[in-house]
Amino acid sequence: MDRALRRAMLNNGGNGGSSRLNFSIEQGTARSTLMLKPFLTANWRYLALLNFVIDPAILEPLVPPGTELDFENGETFVSVVGFLFLDTRLLGLPIPLHRDFEEVNLRFYVRKKSADTWRRGVVFVRELVPRRAIALVARAFYGEPYLAVPMSHNIEHADGKLDVAYSWKRDRKSELLKMTASAEPQIIPAGSHAEFITEHYWGYTCFRGGCSEYRVEHPRWKIWNAESYQFHADVASLYGKQFVESLNASPRSAFIAEGSSIQVLLREQWA
């Protein structure tokens, strides 16, 4: 593990959410008997979201126990999402050479009953980042399916025009997620499809023989509807053959979220 990342975890307990911290989350509000810092803080910017309808039977084997698929008007979705991680801090500390980087992921949408409310969240199929130490920490502490690959981005935002591109290489082949938009970002209407895609504030994962959840906090985003998009990848080798048909079809929507500061809270295991 990278030495700077190791020092940050040791200086803050290094337990990645141990139960002895007595951390609890209730109805979307983080409360603790100790003054805990979030596990991770950052700015997420220029989120390109490409959203596809998918047969729920494909996703069912991946749904964590205790959660269920989240439907919008009887349909289930997967999203390819590319964005910038900026000013990343682990347990409150900036990590040299690991503060700014790209991520591209494939996710789907679930929900979990908590008391009399639903916690709406996401499950990741694959997450790409450019540094091995980042992938290692995410796998070790959150059980997330991270893979480190060479990555780059190109963001051009001027004169009312926005071009966003995230690229990566696997097996010496380049892959790409790109979108263009114009004008000013718009408020997401209540009850809209864009709200369904963006307003999922929990992450769910199963590893080490159990399942856990963590909350991601951020304000409501504004979005640009994409005027054009490109997605070029070997879907079968990246995500699995079961996703090829869905991700080769026309997407239901494509938009760019402006993003914001975020914080990821310590995970809690329930099963």
# chains A, B, ... in the order shown; residues from 1 in each chain; ligands from 1
>>> select_by_dssp(residues="stretch 35-105 of chain A", states="helix (DSSP H, G or I)", output="ChimeraX atom specification")
/A:56-62
>>> residues_around(residues="A:Val80", least_positions_apart="2", cutoff="7 Å", atoms="only C-alpha atoms", output="PDB file with C-alpha atoms, in the first residue's frame")
ATOM      1  CA  LEU A  49     -23.912   9.948 -16.805  1.00  0.00           C
ATOM      2  CA  LEU A  50     -25.005   7.616 -19.607  1.00  0.00           C
ATOM      3  CA  ASN A  51     -28.114   5.677 -18.546  1.00  0.00           C
ATOM      4  CA  VAL A  78     -27.544   0.882 -15.245  1.00  0.00           C
ATOM      5  CA  GLY A  82     -17.265   9.310 -15.493  1.00  0.00           C
ATOM      6  CA  ASN A 105     -17.848   3.278 -13.082  1.00  0.00           C
ATOM      7  CA  LEU A 106     -20.840   1.136 -13.955  1.00  0.00           C
ATOM      8  CA  ARG A 107     -23.592   1.181 -11.340  1.00  0.00           C
TER       9      ARG A 107
END
>>> residues_around(residues="A:Glu156", least_positions_apart="6", cutoff="10 Å", atoms="only C-alpha atoms", output="list of chain:residue names")
A:Leu162, A:Asp163, A:Val164, A:Ala165, A:Thr180
>>> closest_atom_pairs(of="stretch 27-117 of chain A", to="stretch 199-221 of chain A", cutoff="9 Å", atoms="only C-alpha atoms", output="CSV")
residue,atom,partner,partner_atom,distance
A:Gly28,CA,A:Arg215,CA,7.8
A:Ala30,CA,A:Arg215,CA,8.5
A:Val63,CA,A:Thr205,CA,8.8
A:Pro64,CA,A:Cys206,CA,6.3
A:Pro65,CA,A:Cys211,CA,7.3
A:Gly66,CA,A:Cys211,CA,8.4
A:Thr67,CA,A:Tyr204,CA,8.4
A:Tyr109,CA,A:His200,CA,7.7
A:Val110,CA,A:Tyr204,CA,8.4
A:Arg111,CA,A:Trp202,CA,8.6
>>> write_last_selection(atoms="C-alpha atoms", output="PDB file, in the first residue's frame")
ATOM      1  CA  GLY A  28     -30.118  10.208   6.407  1.00  0.00           C
ATOM      2  CA  ALA A  30     -24.992  10.991  10.525  1.00  0.00           C
ATOM      3  CA  VAL A  63     -28.292  -7.351  -5.563  1.00  0.00           C
ATOM      4  CA  PRO A  64     -26.912  -7.387  -1.982  1.00  0.00           C
ATOM      5  CA  PRO A  65     -29.052  -9.335   0.515  1.00  0.00           C
ATOM      6  CA  GLY A  66     -31.341  -6.993   2.420  1.00  0.00           C
ATOM      7  CA  THR A  67     -31.758  -4.664  -0.553  1.00  0.00           C
ATOM      8  CA  TYR A 109     -29.878   1.228  -8.372  1.00  0.00           C
ATOM      9  CA  VAL A 110     -31.261  -0.430  -5.253  1.00  0.00           C
ATOM     10  CA  ARG A 111     -33.144   0.482  -2.114  1.00  0.00           C
TER      11      ARG A 111
END
>>> closest_atom_pairs(of="stretch 52-171 of chain A", to="stretch 248-270 of chain A", cutoff="12 Å", atoms="only C-alpha atoms", output="CSV")
residue,atom,partner,partner_atom,distance
A:Phe52,CA,A:Pro251,CA,4.6
A:Val53,CA,A:Arg252,CA,6.6
A:Ile54,CA,A:Ala249,CA,9.8
A:Pro64,CA,A:Trp270,CA,11.1
A:Pro65,CA,A:Trp270,CA,9.9
A:Gly66,CA,A:Trp270,CA,8.8
A:Thr67,CA,A:Trp270,CA,11.2
A:Glu75,CA,A:Arg252,CA,10.8
A:Thr76,CA,A:Arg252,CA,11.0
A:Phe77,CA,A:Arg252,CA,8.9
A:Val78,CA,A:Pro251,CA,9.7
A:Ser79,CA,A:Pro251,CA,9.1
A:Val80,CA,A:Ala254,CA,9.7
A:Val81,CA,A:Ile256,CA,9.4
A:Gly82,CA,A:Ile256,CA,9.4
A:Phe83,CA,A:Gly259,CA,8.8
A:Leu84,CA,A:Gly259,CA,9.2
A:Phe85,CA,A:Ser261,CA,9.7
A:Leu86,CA,A:Ser261,CA,8.9
A:Asp87,CA,A:Ser261,CA,9.3
A:Thr88,CA,A:Ile262,CA,9.7
A:Arg89,CA,A:Gln263,CA,9.5
A:Leu90,CA,A:Val264,CA,9.7
A:Leu91,CA,A:Leu266,CA,9.7
A:Gly92,CA,A:Gln263,CA,10.3
A:Lys112,CA,A:Trp270,CA,11.5
A:Ser114,CA,A:Trp270,CA,11.6
A:Ala138,CA,A:Arg267,CA,11.6
A:Phe141,CA,A:Arg267,CA,8.5
A:Tyr142,CA,A:Arg267,CA,7.2
A:Gly143,CA,A:Arg267,CA,10.3
A:Glu144,CA,A:Arg267,CA,11.7
A:Ile155,CA,A:Ile256,CA,11.8
A:His157,CA,A:Glu258,CA,11.2
A:Leu162,CA,A:Ile256,CA,9.3
A:Asp163,CA,A:Ile256,CA,9.7
A:Val164,CA,A:Ile256,CA,8.3
A:Ala165,CA,A:Ile256,CA,10.9
>>> closest_residue(among="A:Ala140, A:Ala48, A:Pro56, A:Leu40", to="A:Arg99", atoms="only C-alpha atoms")
A:Leu40
>>> closest_residue(among="A:Leu176, A:Val104, A:Val129, A:Ile223", to="A:Ile188", atoms="only C-alpha atoms")
A:Ile223
>>> select_by_dssp(residues="stretch 39-184 of chain A", states="strand (DSSP E)", output="VMD selection string")
chain A and resid 40 to 54 68 to 69 76 to 90 93 to 94 101 to 114 117 to 129 146 to 148 151 to 158 161 to 170 173 to 182
>>> atom_distance(atom1="atom CA of A:Met151", atom2="atom CA of A:Trp44")
16.4 Å
>>> atom_distance(atom1="atom CA of A:Ala115", atom2="atom CA of A:Ser192")
25.5 Å
>>> closest_residue(among="A:Leu62, A:Leu93, A:Leu69, A:Ala226", to="A:Ala42", atoms="only C-alpha atoms")
A:Leu93
>>> atom_distance(atom1="atom CA of A:Trp168", atom2="atom CA of A:Pro130")
8.4 Å
>>> residues_around(residues="A:Arg132", least_positions_apart="2", cutoff="12 Å", atoms="only C-alpha atoms", output="PDB file with all heavy atoms, in the first residue's frame")
ATOM      1  N   MET A   1       0.853  -1.194   0.000  1.00  0.00           N
ATOM      2  CA  MET A   1       0.000   0.000   0.000  1.00  0.00           C
ATOM      3  C   MET A   1       0.882   1.235   0.000  1.00  0.00           C
ATOM      4  O   MET A   1       1.940   1.260   0.612  1.00  0.00           O
ATOM      5  CB  MET A   1      -0.906   0.001   1.237  1.00  0.00           C
ATOM      6  CG  MET A   1      -1.870   1.192   1.304  1.00  0.00           C
ATOM      7  SD  MET A   1      -2.822   1.260   2.844  1.00  0.00           S
ATOM      8  CE  MET A   1      -3.711  -0.287   2.711  1.00  0.00           C
ATOM      9  N   ASP A   2       0.456   2.310  -0.688  1.00  0.00           N
ATOM     10  CA  ASP A   2       1.197   3.539  -0.714  1.00  0.00           C
ATOM     11  C   ASP A   2       1.449   4.045   0.701  1.00  0.00           C
ATOM     12  O   ASP A   2       0.567   4.051   1.546  1.00  0.00           O
ATOM     13  CB  ASP A   2       0.386   4.572  -1.509  1.00  0.00           C
ATOM     14  CG  ASP A   2       1.098   5.889  -1.615  1.00  0.00           C
ATOM     15  OD1 ASP A   2       0.975   6.686  -0.681  1.00  0.00           O
ATOM     16  OD2 ASP A   2       1.763   6.122  -2.637  1.00  0.00           O
ATOM     17  N   LEU A   5      -0.858   6.886   2.089  1.00  0.00           N
ATOM     18  CA  LEU A   5      -2.188   6.401   2.452  1.00  0.00           C
ATOM     19  C   LEU A   5      -2.139   5.625   3.757  1.00  0.00           C
ATOM     20  O   LEU A   5      -3.011   5.751   4.614  1.00  0.00           O
ATOM     21  CB  LEU A   5      -2.730   5.509   1.330  1.00  0.00           C
ATOM     22  CG  LEU A   5      -3.139   6.223   0.053  1.00  0.00           C
ATOM     23  CD1 LEU A   5      -3.482   5.200  -1.015  1.00  0.00           C
ATOM     24  CD2 LEU A   5      -4.317   7.128   0.303  1.00  0.00           C
ATOM     25  N   LEU A  97      -0.007  13.166  -4.263  1.00  0.00           N
ATOM     26  CA  LEU A  97      -0.098  12.437  -5.533  1.00  0.00           C
ATOM     27  C   LEU A  97      -1.390  11.635  -5.678  1.00  0.00           C
ATOM     28  O   LEU A  97      -1.553  10.896  -6.646  1.00  0.00           O
ATOM     29  CB  LEU A  97       1.105  11.505  -5.727  1.00  0.00           C
ATOM     30  CG  LEU A  97       2.483  12.164  -5.632  1.00  0.00           C
ATOM     31  CD1 LEU A  97       3.577  11.111  -5.812  1.00  0.00           C
ATOM     32  CD2 LEU A  97       2.629  13.276  -6.666  1.00  0.00           C
ATOM     33  N   HIS A  98      -2.320  11.757  -4.726  1.00  0.00           N
ATOM     34  CA  HIS A  98      -3.588  11.023  -4.801  1.00  0.00           C
ATOM     35  C   HIS A  98      -4.797  11.941  -4.575  1.00  0.00           C
ATOM     36  O   HIS A  98      -5.861  11.473  -4.183  1.00  0.00           O
ATOM     37  CB  HIS A  98      -3.616   9.894  -3.764  1.00  0.00           C
ATOM     38  CG  HIS A  98      -2.608   8.821  -4.011  1.00  0.00           C
ATOM     39  ND1 HIS A  98      -1.297   8.959  -3.674  1.00  0.00           N
ATOM     40  CD2 HIS A  98      -2.729   7.594  -4.586  1.00  0.00           C
ATOM     41  CE1 HIS A  98      -0.631   7.852  -4.006  1.00  0.00           C
ATOM     42  NE2 HIS A  98      -1.475   7.017  -4.559  1.00  0.00           N
ATOM     43  N   PHE A 101      -7.887  12.902  -9.521  1.00  0.00           N
ATOM     44  CA  PHE A 101      -7.825  11.779 -10.449  1.00  0.00           C
ATOM     45  C   PHE A 101      -9.199  11.545 -11.067  1.00  0.00           C
ATOM     46  O   PHE A 101     -10.215  12.114 -10.629  1.00  0.00           O
ATOM     47  CB  PHE A 101      -7.335  10.507  -9.743  1.00  0.00           C
ATOM     48  CG  PHE A 101      -8.118  10.130  -8.503  1.00  0.00           C
ATOM     49  CD1 PHE A 101      -9.208   9.272  -8.568  1.00  0.00           C
ATOM     50  CD2 PHE A 101      -7.748  10.628  -7.258  1.00  0.00           C
ATOM     51  CE1 PHE A 101      -9.923   8.929  -7.441  1.00  0.00           C
ATOM     52  CE2 PHE A 101      -8.451  10.280  -6.112  1.00  0.00           C
ATOM     53  CZ  PHE A 101      -9.542   9.429  -6.208  1.00  0.00           C
ATOM     54  N   LEU A 128     -13.224   2.179 -12.229  1.00  0.00           N
ATOM     55  CA  LEU A 128     -11.876   2.378 -12.751  1.00  0.00           C
ATOM     56  C   LEU A 128     -11.264   3.640 -12.158  1.00  0.00           C
ATOM     57  O   LEU A 128     -11.915   4.697 -12.121  1.00  0.00           O
ATOM     58  CB  LEU A 128     -11.915   2.508 -14.272  1.00  0.00           C
ATOM     59  CG  LEU A 128     -12.572   1.378 -15.057  1.00  0.00           C
ATOM     60  CD1 LEU A 128     -12.566   1.715 -16.548  1.00  0.00           C
ATOM     61  CD2 LEU A 128     -11.882   0.051 -14.798  1.00  0.00           C
ATOM     62  N   VAL A 129     -10.032   3.549 -11.712  1.00  0.00           N
ATOM     63  CA  VAL A 129      -9.258   4.690 -11.237  1.00  0.00           C
ATOM     64  C   VAL A 129      -7.828   4.537 -11.760  1.00  0.00           C
ATOM     65  O   VAL A 129      -7.413   3.435 -12.128  1.00  0.00           O
ATOM     66  CB  VAL A 129      -9.258   4.797  -9.696  1.00  0.00           C
ATOM     67  CG1 VAL A 129     -10.621   5.211  -9.174  1.00  0.00           C
ATOM     68  CG2 VAL A 129      -8.802   3.498  -9.062  1.00  0.00           C
ATOM     69  N   PRO A 130      -7.037   5.624 -11.753  1.00  0.00           N
ATOM     70  CA  PRO A 130      -5.714   5.532 -12.361  1.00  0.00           C
ATOM     71  C   PRO A 130      -4.587   5.110 -11.428  1.00  0.00           C
ATOM     72  O   PRO A 130      -3.463   4.935 -11.889  1.00  0.00           O
ATOM     73  CB  PRO A 130      -5.481   6.971 -12.857  1.00  0.00           C
ATOM     74  CG  PRO A 130      -6.246   7.814 -11.905  1.00  0.00           C
ATOM     75  CD  PRO A 130      -7.454   7.018 -11.521  1.00  0.00           C
ATOM     76  N   ILE A 134      -5.237   3.759  -4.633  1.00  0.00           N
ATOM     77  CA  ILE A 134      -6.638   4.133  -4.465  1.00  0.00           C
ATOM     78  C   ILE A 134      -7.529   2.902  -4.585  1.00  0.00           C
ATOM     79  O   ILE A 134      -8.438   2.686  -3.778  1.00  0.00           O
ATOM     80  CB  ILE A 134      -7.041   5.188  -5.510  1.00  0.00           C
ATOM     81  CG1 ILE A 134      -6.240   6.473  -5.287  1.00  0.00           C
ATOM     82  CG2 ILE A 134      -8.537   5.475  -5.448  1.00  0.00           C
ATOM     83  CD1 ILE A 134      -6.338   7.446  -6.442  1.00  0.00           C
ATOM     84  N   ALA A 135      -7.271   2.099  -5.606  1.00  0.00           N
ATOM     85  CA  ALA A 135      -8.061   0.876  -5.796  1.00  0.00           C
ATOM     86  C   ALA A 135      -7.902  -0.065  -4.615  1.00  0.00           C
ATOM     87  O   ALA A 135      -8.875  -0.678  -4.148  1.00  0.00           O
ATOM     88  CB  ALA A 135      -7.639   0.185  -7.090  1.00  0.00           C
ATOM     89  N   LEU A 136      -6.697  -0.174  -4.092  1.00  0.00           N
ATOM     90  CA  LEU A 136      -6.436  -1.075  -2.968  1.00  0.00           C
ATOM     91  C   LEU A 136      -7.203  -0.647  -1.728  1.00  0.00           C
ATOM     92  O   LEU A 136      -7.834  -1.461  -1.056  1.00  0.00           O
ATOM     93  CB  LEU A 136      -4.938  -1.122  -2.676  1.00  0.00           C
ATOM     94  CG  LEU A 136      -4.509  -1.968  -1.472  1.00  0.00           C
ATOM     95  CD1 LEU A 136      -4.904  -3.420  -1.670  1.00  0.00           C
ATOM     96  CD2 LEU A 136      -3.003  -1.846  -1.249  1.00  0.00           C
ATOM     97  N   VAL A 137      -7.167   0.644  -1.403  1.00  0.00           N
ATOM     98  CA  VAL A 137      -7.867   1.136  -0.220  1.00  0.00           C
ATOM     99  C   VAL A 137      -9.379   0.939  -0.363  1.00  0.00           C
ATOM    100  O   VAL A 137     -10.055   0.508   0.565  1.00  0.00           O
ATOM    101  CB  VAL A 137      -7.533   2.622   0.023  1.00  0.00           C
ATOM    102  CG1 VAL A 137      -8.463   3.230   1.076  1.00  0.00           C
ATOM    103  CG2 VAL A 137      -6.083   2.766   0.471  1.00  0.00           C
ATOM    104  N   ALA A 138      -9.921   1.245  -1.541  1.00  0.00           N
ATOM    105  CA  ALA A 138     -11.364   1.107  -1.761  1.00  0.00           C
ATOM    106  C   ALA A 138     -11.804  -0.348  -1.639  1.00  0.00           C
ATOM    107  O   ALA A 138     -12.865  -0.649  -1.079  1.00  0.00           O
ATOM    108  CB  ALA A 138     -11.747   1.667  -3.125  1.00  0.00           C
ATOM    109  N   ARG A 139     -10.998  -1.265  -2.160  1.00  0.00           N
ATOM    110  CA  ARG A 139     -11.340  -2.687  -2.046  1.00  0.00           C
ATOM    111  C   ARG A 139     -11.233  -3.153  -0.598  1.00  0.00           C
ATOM    112  O   ARG A 139     -12.082  -3.899  -0.101  1.00  0.00           O
ATOM    113  CB  ARG A 139     -10.438  -3.527  -2.949  1.00  0.00           C
ATOM    114  CG  ARG A 139     -10.710  -3.382  -4.424  1.00  0.00           C
ATOM    115  CD  ARG A 139     -10.054  -4.503  -5.233  1.00  0.00           C
ATOM    116  NE  ARG A 139      -8.612  -4.531  -5.066  1.00  0.00           N
ATOM    117  CZ  ARG A 139      -7.741  -3.952  -5.895  1.00  0.00           C
ATOM    118  NH1 ARG A 139      -8.191  -3.280  -6.946  1.00  0.00           N
ATOM    119  NH2 ARG A 139      -6.443  -4.037  -5.699  1.00  0.00           N
ATOM    120  N   TYR A 146     -12.923  -2.043  -7.510  1.00  0.00           N
ATOM    121  CA  TYR A 146     -12.042  -1.098  -8.186  1.00  0.00           C
ATOM    122  C   TYR A 146     -10.969  -1.811  -8.998  1.00  0.00           C
ATOM    123  O   TYR A 146     -10.470  -2.862  -8.603  1.00  0.00           O
ATOM    124  CB  TYR A 146     -11.360  -0.174  -7.182  1.00  0.00           C
ATOM    125  CG  TYR A 146     -12.154   1.058  -6.836  1.00  0.00           C
ATOM    126  CD1 TYR A 146     -13.178   1.012  -5.903  1.00  0.00           C
ATOM    127  CD2 TYR A 146     -11.874   2.276  -7.445  1.00  0.00           C
ATOM    128  CE1 TYR A 146     -13.904   2.148  -5.573  1.00  0.00           C
ATOM    129  CE2 TYR A 146     -12.590   3.417  -7.134  1.00  0.00           C
ATOM    130  CZ  TYR A 146     -13.599   3.355  -6.189  1.00  0.00           C
ATOM    131  OH  TYR A 146     -14.318   4.481  -5.879  1.00  0.00           O
ATOM    132  N   LEU A 147     -10.605  -1.182 -10.112  1.00  0.00           N
ATOM    133  CA  LEU A 147      -9.526  -1.654 -10.959  1.00  0.00           C
ATOM    134  C   LEU A 147      -8.684  -0.451 -11.368  1.00  0.00           C
ATOM    135  O   LEU A 147      -9.224   0.585 -11.770  1.00  0.00           O
ATOM    136  CB  LEU A 147     -10.096  -2.332 -12.206  1.00  0.00           C
ATOM    137  CG  LEU A 147      -9.089  -2.810 -13.261  1.00  0.00           C
ATOM    138  CD1 LEU A 147      -8.258  -3.963 -12.696  1.00  0.00           C
ATOM    139  CD2 LEU A 147      -9.822  -3.254 -14.526  1.00  0.00           C
ATOM    140  N   ALA A 148      -7.362  -0.552 -11.220  1.00  0.00           N
ATOM    141  CA  ALA A 148      -6.460   0.536 -11.595  1.00  0.00           C
ATOM    142  C   ALA A 148      -6.003   0.366 -13.039  1.00  0.00           C
ATOM    143  O   ALA A 148      -5.489  -0.692 -13.415  1.00  0.00           O
ATOM    144  CB  ALA A 148      -5.263   0.566 -10.661  1.00  0.00           C
ATOM    145  N   VAL A 149      -6.210   1.402 -13.851  1.00  0.00           N
ATOM    146  CA  VAL A 149      -5.803   1.406 -15.263  1.00  0.00           C
ATOM    147  C   VAL A 149      -5.299   2.804 -15.601  1.00  0.00           C
ATOM    148  O   VAL A 149      -5.652   3.784 -14.938  1.00  0.00           O
ATOM    149  CB  VAL A 149      -6.981   1.036 -16.191  1.00  0.00           C
ATOM    150  CG1 VAL A 149      -7.447  -0.398 -15.955  1.00  0.00           C
ATOM    151  CG2 VAL A 149      -8.138   2.017 -16.022  1.00  0.00           C
ATOM    152  N   PRO A 150      -4.479   2.946 -16.630  1.00  0.00           N
ATOM    153  CA  PRO A 150      -4.089   4.294 -17.068  1.00  0.00           C
ATOM    154  C   PRO A 150      -5.313   5.078 -17.530  1.00  0.00           C
ATOM    155  O   PRO A 150      -6.123   4.571 -18.307  1.00  0.00           O
ATOM    156  CB  PRO A 150      -3.131   4.021 -18.233  1.00  0.00           C
ATOM    157  CG  PRO A 150      -2.657   2.621 -18.021  1.00  0.00           C
ATOM    158  CD  PRO A 150      -3.799   1.880 -17.402  1.00  0.00           C
ATOM    159  N   MET A 151      -5.447   6.325 -17.049  1.00  0.00           N
ATOM    160  CA  MET A 151      -6.618   7.128 -17.368  1.00  0.00           C
ATOM    161  C   MET A 151      -6.209   8.562 -17.666  1.00  0.00           C
ATOM    162  O   MET A 151      -5.145   9.036 -17.238  1.00  0.00           O
ATOM    163  CB  MET A 151      -7.620   7.120 -16.202  1.00  0.00           C
ATOM    164  CG  MET A 151      -8.143   5.744 -15.829  1.00  0.00           C
ATOM    165  SD  MET A 151      -9.421   5.792 -14.541  1.00  0.00           S
ATOM    166  CE  MET A 151     -10.828   6.429 -15.483  1.00  0.00           C
TER     167      MET A 151
END
>>> residues_around(residues="A:Leu177", least_positions_apart="3", cutoff="6 Å", atoms="only C-alpha atoms", output="mmCIF file with all heavy atoms, in the first residue's frame")
data_model
loop_
_atom_site.group_PDB
_atom_site.id
_atom_site.type_symbol
_atom_site.label_atom_id
_atom_site.label_comp_id
_atom_site.auth_asym_id
_atom_site.auth_seq_id
_atom_site.Cartn_x
_atom_site.Cartn_y
_atom_site.Cartn_z
ATOM 1 N N ALA A 165 -14.636 14.524 -21.546
ATOM 2 C CA ALA A 165 -14.178 13.225 -22.043
ATOM 3 C C ALA A 165 -13.310 12.541 -21.003
ATOM 4 O O ALA A 165 -12.419 13.170 -20.412
ATOM 5 C CB ALA A 165 -13.400 13.382 -23.338
ATOM 6 N N TYR A 166 -13.590 11.255 -20.778
ATOM 7 C CA TYR A 166 -12.787 10.415 -19.902
ATOM 8 C C TYR A 166 -12.328 9.211 -20.715
ATOM 9 O O TYR A 166 -13.141 8.543 -21.374
ATOM 10 C CB TYR A 166 -13.599 9.950 -18.691
ATOM 11 C CG TYR A 166 -14.089 11.112 -17.861
ATOM 12 C CD1 TYR A 166 -15.388 11.599 -18.003
ATOM 13 C CD2 TYR A 166 -13.238 11.742 -16.962
ATOM 14 C CE1 TYR A 166 -15.830 12.676 -17.259
ATOM 15 C CE2 TYR A 166 -13.671 12.821 -16.207
ATOM 16 C CZ TYR A 166 -14.958 13.291 -16.364
ATOM 17 O OH TYR A 166 -15.395 14.371 -15.632
ATOM 18 N N GLN A 230 -20.522 9.702 -26.660
ATOM 19 C CA GLN A 230 -19.804 8.553 -27.202
ATOM 20 C C GLN A 230 -19.429 7.639 -26.046
ATOM 21 O O GLN A 230 -19.028 8.105 -24.990
ATOM 22 C CB GLN A 230 -18.523 8.984 -27.926
ATOM 23 C CG GLN A 230 -18.720 9.860 -29.135
ATOM 24 C CD GLN A 230 -17.385 10.251 -29.741
ATOM 25 O OE1 GLN A 230 -16.499 9.421 -29.961
ATOM 26 N NE2 GLN A 230 -17.220 11.544 -30.021
ATOM 27 N N PHE A 231 -19.570 6.357 -26.275
ATOM 28 C CA PHE A 231 -19.115 5.361 -25.311
ATOM 29 C C PHE A 231 -18.526 4.203 -26.100
ATOM 30 O O PHE A 231 -19.238 3.516 -26.831
ATOM 31 C CB PHE A 231 -20.266 4.876 -24.422
ATOM 32 C CG PHE A 231 -19.875 3.765 -23.480
ATOM 33 C CD1 PHE A 231 -18.774 3.885 -22.646
ATOM 34 C CD2 PHE A 231 -20.622 2.591 -23.426
ATOM 35 C CE1 PHE A 231 -18.411 2.863 -21.782
ATOM 36 C CE2 PHE A 231 -20.270 1.569 -22.562
ATOM 37 C CZ PHE A 231 -19.162 1.694 -21.741
#
